[in-house]
Each structure stands twice: as C-alpha cells, then as structure tokens.
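First comes the structure, then the notes that go with it.
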Amino acid sequence: MKKVITYGTFDLLHVGHINLLRRAKELGDYLLVVLSSDEFNALKGKKAYYSYEDRKIILEAIKYVDEVIPEYNWEQKISDVQDNNIDVFVMGHDWTGKFDFLKDYCEVVYLPRTEGISTTKIKGDLKLENQK
Ligand code: C2G
C-alpha cells in the first residue's frame with residue numbers, strides 16, 4: 001500500500017484545500033493528513049477560526065482523507081514519515097524546496113496551489129463585506 005502524507009492548518013476549508021487533498025490521494029492508496037494544532041498555529045503566527053478538534057472532524061469527513069493526526073512542531077516530519085511508513089510527502093508549491101531534506105526518507109512532491117483562494121482571502125473579503 002502506497003502511503004501519502006501532507007501537512008497543514010486547513011482552516012475554513014475551501015476548494016484549494018480539496019484540490020490539494022484529492023491530488024495527494026491520487027499519488028497513492030492512503031492519505032495521512034498531519035493537522036496543525038492550535039498551539040503550533042500560534043507558532044506559525046496563525047490563529048485558525050475553527051479549533052483543532054473541529055478542523056479534524058471536517059477533514060475526516062473528506063473522502064480523500066484516510067487519517068488525521070496532530071502537527072505540534074516543525075521537527076516532527078522525519079519521524080512522522082518513518083513511524084507511518086510513508087512513501088510520498090506532498091505540499092503545495094508555496095513550500096517548494098523547504099522540505100527537500102525528506103528526500104532521504106520518501107518521495108517529495110510539491111503541487112501547484114489553486115489560484116485565487118486562501119483562508120486569508122476569505123477572512124479579508126468577509127471583513128470588507130461586514131463593513132458595508
Ligand atoms: N493550498 C493550495 N491552494 C490554496 C491554498 C492552500 O494548494 N489556494 C495548499 C497549501 O499549499 C498546503 C495545504 O493546501 O499544502 C494546506 O494549506 P494551509 O492550511 O494554509 O497550510 P500551511 O499553513 O501552509 O501549513 O508544516 C507545514 C505547515 O503545517 C503547512
């Protein structure tokens with residue numbers, strides 16, 4: 001069984017996330033999503049709208065996703081790949097090159113991002129909408 005792993009916050013789920021998850025799953029038979037904890041998001045300077053628990057429930061409902069585990073820090077990726085017998089690591093191409101150190105442990109694939117959508121854009125658009 002070919003196992004794929006990807007990481008992210010996946011807040012305010014949108015079509016960019018779904019495109020990434022669908023294409024990640026297409027690279028294997030099993031997709032493990034490592035979901036940023038609320039504490040780790042604080043480290044990334046992000047505050048998700050939905051809690052970790054809610055973002056996990058939402059991700060687990062997606063047919064491309066087989067398993068969701070927490071991401072607590074930047075350092076856990078090598079052990080995640082080894083402990084879960086991962087064959088392919090996938091991220092959007094905004095991360096190109098950042099995780100090449102994983103090439104010693106698995107295939108590393110950066111996929112094009114979906115243009116025109118992001119959680120930040122959604123929050124910004126809604127803010128403007130509410131100011132009208
Ligand atoms: N993504 C995408 N297209 C978008 C928005 C996001 O392909 N329009 C991808 C990102 O490239 C990433 C995934 O969807 O691969 C999740 O995006 P975020 O939730 O923003 O994740 P991020 O904050 O980049 O966290 O350790 C790595 C970090 O946890 C990645």
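Residues in the structure tokens are named by chain (A, B, ... in the order shown) and by number from 1 within that chain; ligands are numbered from 1 in the order shown.
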
For ligand 1, list the contacting residues at 8 Å or closer, counting only C-alpha atoms and all ligand atoms, as a ChimeraX atom specification. /A:6-11,14-21,34-36,41,44,46,71,73-74,77,90-95,111-119

Take the residues just selected and output them with N, CA and C atoms as an mmCIF file, in the first residue's frame.
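Saved as again.cif:
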```
data_model
loop_
_atom_site.group_PDB
_atom_site.id
_atom_site.type_symbol
_atom_site.label_atom_id
_atom_site.label_comp_id
_atom_site.auth_asym_id
_atom_site.auth_seq_id
_atom_site.Cartn_x
_atom_site.Cartn_y
_atom_site.Cartn_z
ATOM 1 N N THR A 6 0.607 14.637 4.082
ATOM 2 C CA THR A 6 0.632 16.078 3.843
ATOM 3 C C THR A 6 0.321 16.804 5.135
ATOM 4 N N TYR A 7 0.673 18.093 5.188
ATOM 5 C CA TYR A 7 0.569 18.875 6.421
ATOM 6 C C TYR A 7 -0.207 20.153 6.144
ATOM 7 N N GLY A 8 -0.867 20.666 7.189
ATOM 8 C CA GLY A 8 -1.498 21.965 7.020
ATOM 9 C C GLY A 8 -2.450 22.332 8.136
ATOM 10 N N THR A 9 -2.969 23.560 8.049
ATOM 11 C CA THR A 9 -3.945 24.064 9.020
ATOM 12 C C THR A 9 -5.374 23.759 8.574
ATOM 13 N N PHE A 10 -5.616 23.835 7.280
ATOM 14 C CA PHE A 10 -6.923 23.516 6.676
ATOM 15 C C PHE A 10 -8.069 24.226 7.401
ATOM 16 N N ASP A 11 -7.890 25.519 7.656
ATOM 17 C CA ASP A 11 -8.940 26.306 8.310
ATOM 18 C C ASP A 11 -9.910 26.852 7.261
ATOM 19 N N HIS A 14 -11.647 25.133 1.927
ATOM 20 C CA HIS A 14 -12.055 25.675 0.613
ATOM 21 C C HIS A 14 -11.523 24.792 -0.510
ATOM 22 N N VAL A 15 -11.867 25.165 -1.746
ATOM 23 C CA VAL A 15 -11.596 24.294 -2.894
ATOM 24 C C VAL A 15 -10.088 24.110 -3.111
ATOM 25 N N GLY A 16 -9.282 25.073 -2.667
ATOM 26 C CA GLY A 16 -7.816 24.910 -2.789
ATOM 27 C C GLY A 16 -7.334 23.749 -1.945
ATOM 28 N N HIS A 17 -7.919 23.633 -0.745
ATOM 29 C CA HIS A 17 -7.564 22.502 0.135
ATOM 30 C C HIS A 17 -8.024 21.178 -0.483
ATOM 31 N N ILE A 18 -9.254 21.192 -0.998
ATOM 32 C CA ILE A 18 -9.817 19.953 -1.576
ATOM 33 C C ILE A 18 -8.998 19.504 -2.793
ATOM 34 N N ASN A 19 -8.611 20.462 -3.648
ATOM 35 C CA ASN A 19 -7.787 20.116 -4.822
ATOM 36 C C ASN A 19 -6.470 19.482 -4.380
ATOM 37 N N LEU A 20 -5.866 20.042 -3.346
ATOM 38 C CA LEU A 20 -4.590 19.517 -2.843
ATOM 39 C C LEU A 20 -4.800 18.098 -2.296
ATOM 40 N N LEU A 21 -5.831 17.914 -1.488
ATOM 41 C CA LEU A 21 -6.079 16.606 -0.868
ATOM 42 C C LEU A 21 -6.413 15.546 -1.925
ATOM 43 N N VAL A 34 -1.477 15.538 8.468
ATOM 44 C CA VAL A 34 -0.952 15.959 9.767
ATOM 45 C C VAL A 34 -1.417 17.398 9.964
ATOM 46 N N LEU A 35 -2.360 17.566 10.869
ATOM 47 C CA LEU A 35 -3.112 18.810 11.028
ATOM 48 C C LEU A 35 -2.526 19.682 12.136
ATOM 49 N N SER A 36 -2.247 20.945 11.789
ATOM 50 C CA SER A 36 -1.618 21.846 12.763
ATOM 51 C C SER A 36 -2.487 22.023 14.002
ATOM 52 N N ASN A 41 -0.182 26.426 15.408
ATOM 53 C CA ASN A 41 -0.600 27.569 14.586
ATOM 54 C C ASN A 41 -0.120 28.878 15.195
ATOM 55 N N LYS A 44 3.143 29.429 14.130
ATOM 56 C CA LYS A 44 3.207 29.848 12.723
ATOM 57 C C LYS A 44 2.660 31.270 12.575
ATOM 58 N N LYS A 46 -0.376 32.062 13.152
ATOM 59 C CA LYS A 46 -1.731 31.924 12.594
ATOM 60 C C LYS A 46 -2.705 31.677 13.747
ATOM 61 N N GLU A 71 -0.165 18.010 14.233
ATOM 62 C CA GLU A 71 1.158 18.575 13.983
ATOM 63 C C GLU A 71 1.456 19.548 15.126
ATOM 64 N N ASN A 73 4.899 20.597 15.889
ATOM 65 C CA ASN A 73 6.134 21.386 15.701
ATOM 66 C C ASN A 73 6.698 21.157 14.302
ATOM 67 N N TRP A 74 7.759 21.957 13.968
ATOM 68 C CA TRP A 74 8.395 21.826 12.645
ATOM 69 C C TRP A 74 9.263 20.575 12.572
ATOM 70 N N LYS A 77 8.495 15.943 11.160
ATOM 71 C CA LYS A 77 8.217 15.373 9.847
ATOM 72 C C LYS A 77 8.993 14.076 9.562
ATOM 73 N N VAL A 90 3.694 15.275 0.276
ATOM 74 C CA VAL A 90 3.119 16.239 -0.678
ATOM 75 C C VAL A 90 2.811 17.562 0.007
ATOM 76 N N MET A 91 3.145 18.678 -0.647
ATOM 77 C CA MET A 91 2.764 20.006 -0.157
ATOM 78 C C MET A 91 2.511 20.900 -1.348
ATOM 79 N N GLY A 92 1.781 22.000 -1.130
ATOM 80 C CA GLY A 92 1.586 22.990 -2.190
ATOM 81 C C GLY A 92 2.924 23.649 -2.533
ATOM 82 N N HIS A 93 3.033 24.161 -3.761
ATOM 83 C CA HIS A 93 4.346 24.640 -4.235
ATOM 84 C C HIS A 93 4.787 25.940 -3.580
ATOM 85 N N ASP A 94 3.950 26.517 -2.704
ATOM 86 C CA ASP A 94 4.442 27.661 -1.910
ATOM 87 C C ASP A 94 5.536 27.185 -0.949
ATOM 88 N N TRP A 95 5.632 25.891 -0.756
ATOM 89 C CA TRP A 95 6.647 25.304 0.121
ATOM 90 C C TRP A 95 7.824 24.703 -0.640
ATOM 91 N N LEU A 111 2.916 20.399 -5.237
ATOM 92 C CA LEU A 111 1.855 20.550 -6.246
ATOM 93 C C LEU A 111 1.477 22.017 -6.411
ATOM 94 N N PRO A 112 1.105 22.427 -7.615
ATOM 95 C CA PRO A 112 0.680 23.823 -7.811
ATOM 96 C C PRO A 112 -0.495 24.174 -6.881
ATOM 97 N N ARG A 113 -0.458 25.382 -6.327
ATOM 98 C CA ARG A 113 -1.581 25.838 -5.493
ATOM 99 C C ARG A 113 -2.754 26.198 -6.401
ATOM 100 N N THR A 114 -3.953 26.201 -5.815
ATOM 101 C CA THR A 114 -5.138 26.680 -6.549
ATOM 102 C C THR A 114 -5.140 28.205 -6.449
ATOM 103 N N GLU A 115 -5.134 28.854 -7.604
ATOM 104 C CA GLU A 115 -5.071 30.332 -7.606
ATOM 105 C C GLU A 115 -6.384 30.964 -7.124
ATOM 106 N N GLY A 116 -6.243 32.154 -6.494
ATOM 107 C CA GLY A 116 -7.414 32.989 -6.207
ATOM 108 C C GLY A 116 -8.194 32.633 -4.956
ATOM 109 N N ILE A 117 -7.709 31.667 -4.186
ATOM 110 C CA ILE A 117 -8.430 31.317 -2.965
ATOM 111 C C ILE A 117 -7.420 31.037 -1.848
ATOM 112 N N SER A 118 -7.751 31.528 -0.666
ATOM 113 C CA SER A 118 -6.946 31.205 0.528
ATOM 114 C C SER A 118 -7.798 31.567 1.746
ATOM 115 N N THR A 119 -7.456 30.985 2.866
ATOM 116 C CA THR A 119 -8.196 31.287 4.094
ATOM 117 C C THR A 119 -8.059 32.770 4.425
#
```

Could you pull the residues within 9 Å of Asn85 of chain A, counting only C-alpha atoms, minus those fewer than 3 positions along the same chain, as an MDAnalysis selection string? chainID A and resid 2:3 80:82

So, counting only C-alpha atoms, which residue among A:Met1, A:Leu27, A:Leu128, A:Leu32 is closest to Asn84 of chain A?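 Going through A:Met1, A:Leu27, A:Leu128, A:Leu32 one by one, the smallest distance to Asn84 of chain A is for A:Leu32.
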
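Straight-line separation from atom CA of Val88 of chain A to atom CA of Glu107 of chain A: 4.6 Å.
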
Give me, as JSON, numbers by chain, the residues of chain A that a backbone DSSP run labels helix (DSSP H, G or I). {"A": [15, 16, 17, 18, 19, 20, 21, 22, 23, 24, 25, 38, 39, 40, 41, 42, 43, 52, 53, 54, 55, 56, 57, 58, 59, 60, 74, 75, 76, 77, 78, 79, 80, 81, 82, 83, 93, 94, 95, 100, 101, 102, 103, 104, 119, 120, 121, 122, 123, 124, 125, 126, 127, 128, 129, 130, 131]}

I'd like to know which of A:Tyr64, A:Tyr110, A:Tyr49, A:Tyr30 is closest to Lys98 of chain A, using only C-alpha atoms. A:Tyr110

Could you pull out the strand (DSSP E) residues of chain A, going by DSSP on the backbone, and write them as number ranges by chain? A: 3-8, 30-36, 67-71, 88-92, 107-111

Please measure the separation of atom CA of Lys25 of chain A and atom CA of Ile5 of chain A, giving the value in Å to one decimal. 8.9 Å

Shell of 12 Å around Ile57 of chain A, only C-alpha atoms, local chain residues under 6 positions omitted, as a ChimeraX atom specification: /A:10-11,13,35,50-51,65,67-69

Atoms kept (N, CA, C and O atoms) for selection, written as a PDB file, in the first residue's frame:
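File produced: part-v5.pdb:
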```pdb
ATOM      1  N   PHE A  10      -5.616  23.835   7.280  1.00  0.00           N
ATOM      2  CA  PHE A  10      -6.923  23.516   6.676  1.00  0.00           C
ATOM      3  C   PHE A  10      -8.069  24.226   7.401  1.00  0.00           C
ATOM      4  O   PHE A  10      -9.086  23.620   7.737  1.00  0.00           O
ATOM      5  N   ASP A  11      -7.890  25.519   7.656  1.00  0.00           N
ATOM      6  CA  ASP A  11      -8.940  26.306   8.310  1.00  0.00           C
ATOM      7  C   ASP A  11      -9.910  26.852   7.261  1.00  0.00           C
ATOM      8  O   ASP A  11      -9.506  27.140   6.139  1.00  0.00           O
ATOM      9  N   LEU A  13     -12.226  25.496   5.395  1.00  0.00           N
ATOM     10  CA  LEU A  13     -11.954  24.596   4.262  1.00  0.00           C
ATOM     11  C   LEU A  13     -12.477  25.160   2.935  1.00  0.00           C
ATOM     12  O   LEU A  13     -13.594  25.680   2.880  1.00  0.00           O
ATOM     13  N   LEU A  35      -2.360  17.566  10.869  1.00  0.00           N
ATOM     14  CA  LEU A  35      -3.112  18.810  11.028  1.00  0.00           C
ATOM     15  C   LEU A  35      -2.526  19.682  12.136  1.00  0.00           C
ATOM     16  O   LEU A  35      -2.325  19.204  13.258  1.00  0.00           O
ATOM     17  N   TYR A  50     -11.520  27.820  13.213  1.00  0.00           N
ATOM     18  CA  TYR A  50     -12.023  26.587  13.838  1.00  0.00           C
ATOM     19  C   TYR A  50     -10.940  25.972  14.722  1.00  0.00           C
ATOM     20  O   TYR A  50      -9.760  26.008  14.375  1.00  0.00           O
ATOM     21  N   SER A  51     -11.395  25.361  15.824  1.00  0.00           N
ATOM     22  CA  SER A  51     -10.454  24.673  16.721  1.00  0.00           C
ATOM     23  C   SER A  51      -9.853  23.455  16.022  1.00  0.00           C
ATOM     24  O   SER A  51     -10.380  22.988  14.999  1.00  0.00           O
ATOM     25  N   VAL A  65      -9.343  11.628   2.485  1.00  0.00           N
ATOM     26  CA  VAL A  65      -8.542  11.589   3.712  1.00  0.00           C
ATOM     27  C   VAL A  65      -8.787  10.281   4.462  1.00  0.00           C
ATOM     28  O   VAL A  65      -9.930   9.948   4.776  1.00  0.00           O
ATOM     29  N   GLU A  67      -6.712   9.389   7.340  1.00  0.00           N
ATOM     30  CA  GLU A  67      -6.347   9.524   8.763  1.00  0.00           C
ATOM     31  C   GLU A  67      -5.855  10.946   9.032  1.00  0.00           C
ATOM     32  O   GLU A  67      -5.222  11.544   8.156  1.00  0.00           O
ATOM     33  N   VAL A  68      -6.150  11.447  10.221  1.00  0.00           N
ATOM     34  CA  VAL A  68      -5.686  12.790  10.621  1.00  0.00           C
ATOM     35  C   VAL A  68      -4.984  12.686  11.972  1.00  0.00           C
ATOM     36  O   VAL A  68      -5.533  12.104  12.912  1.00  0.00           O
ATOM     37  N   ILE A  69      -3.737  13.201  12.023  1.00  0.00           N
ATOM     38  CA  ILE A  69      -3.011  13.238  13.313  1.00  0.00           C
ATOM     39  C   ILE A  69      -2.512  14.663  13.534  1.00  0.00           C
ATOM     40  O   ILE A  69      -2.438  15.450  12.588  1.00  0.00           O
TER      41      ILE A  69
END
```

To one decimal place in Å, what is the distance between atom CA of Tyr52 of chain A and atom CA of Phe40 of chain A?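 Going from atom CA of Tyr52 of chain A over to atom CA of Phe40 of chain A, I get 10.2 Å.
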
Could you check the closest approach to Tyr105 of chain A for each of A:Leu12, A:Ala42, A:Ile86, A:Ala24 and tell me which residue wins, using only C-alpha atoms?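 Result for the nearest residue to Tyr105 of chain A: A:Ile86.
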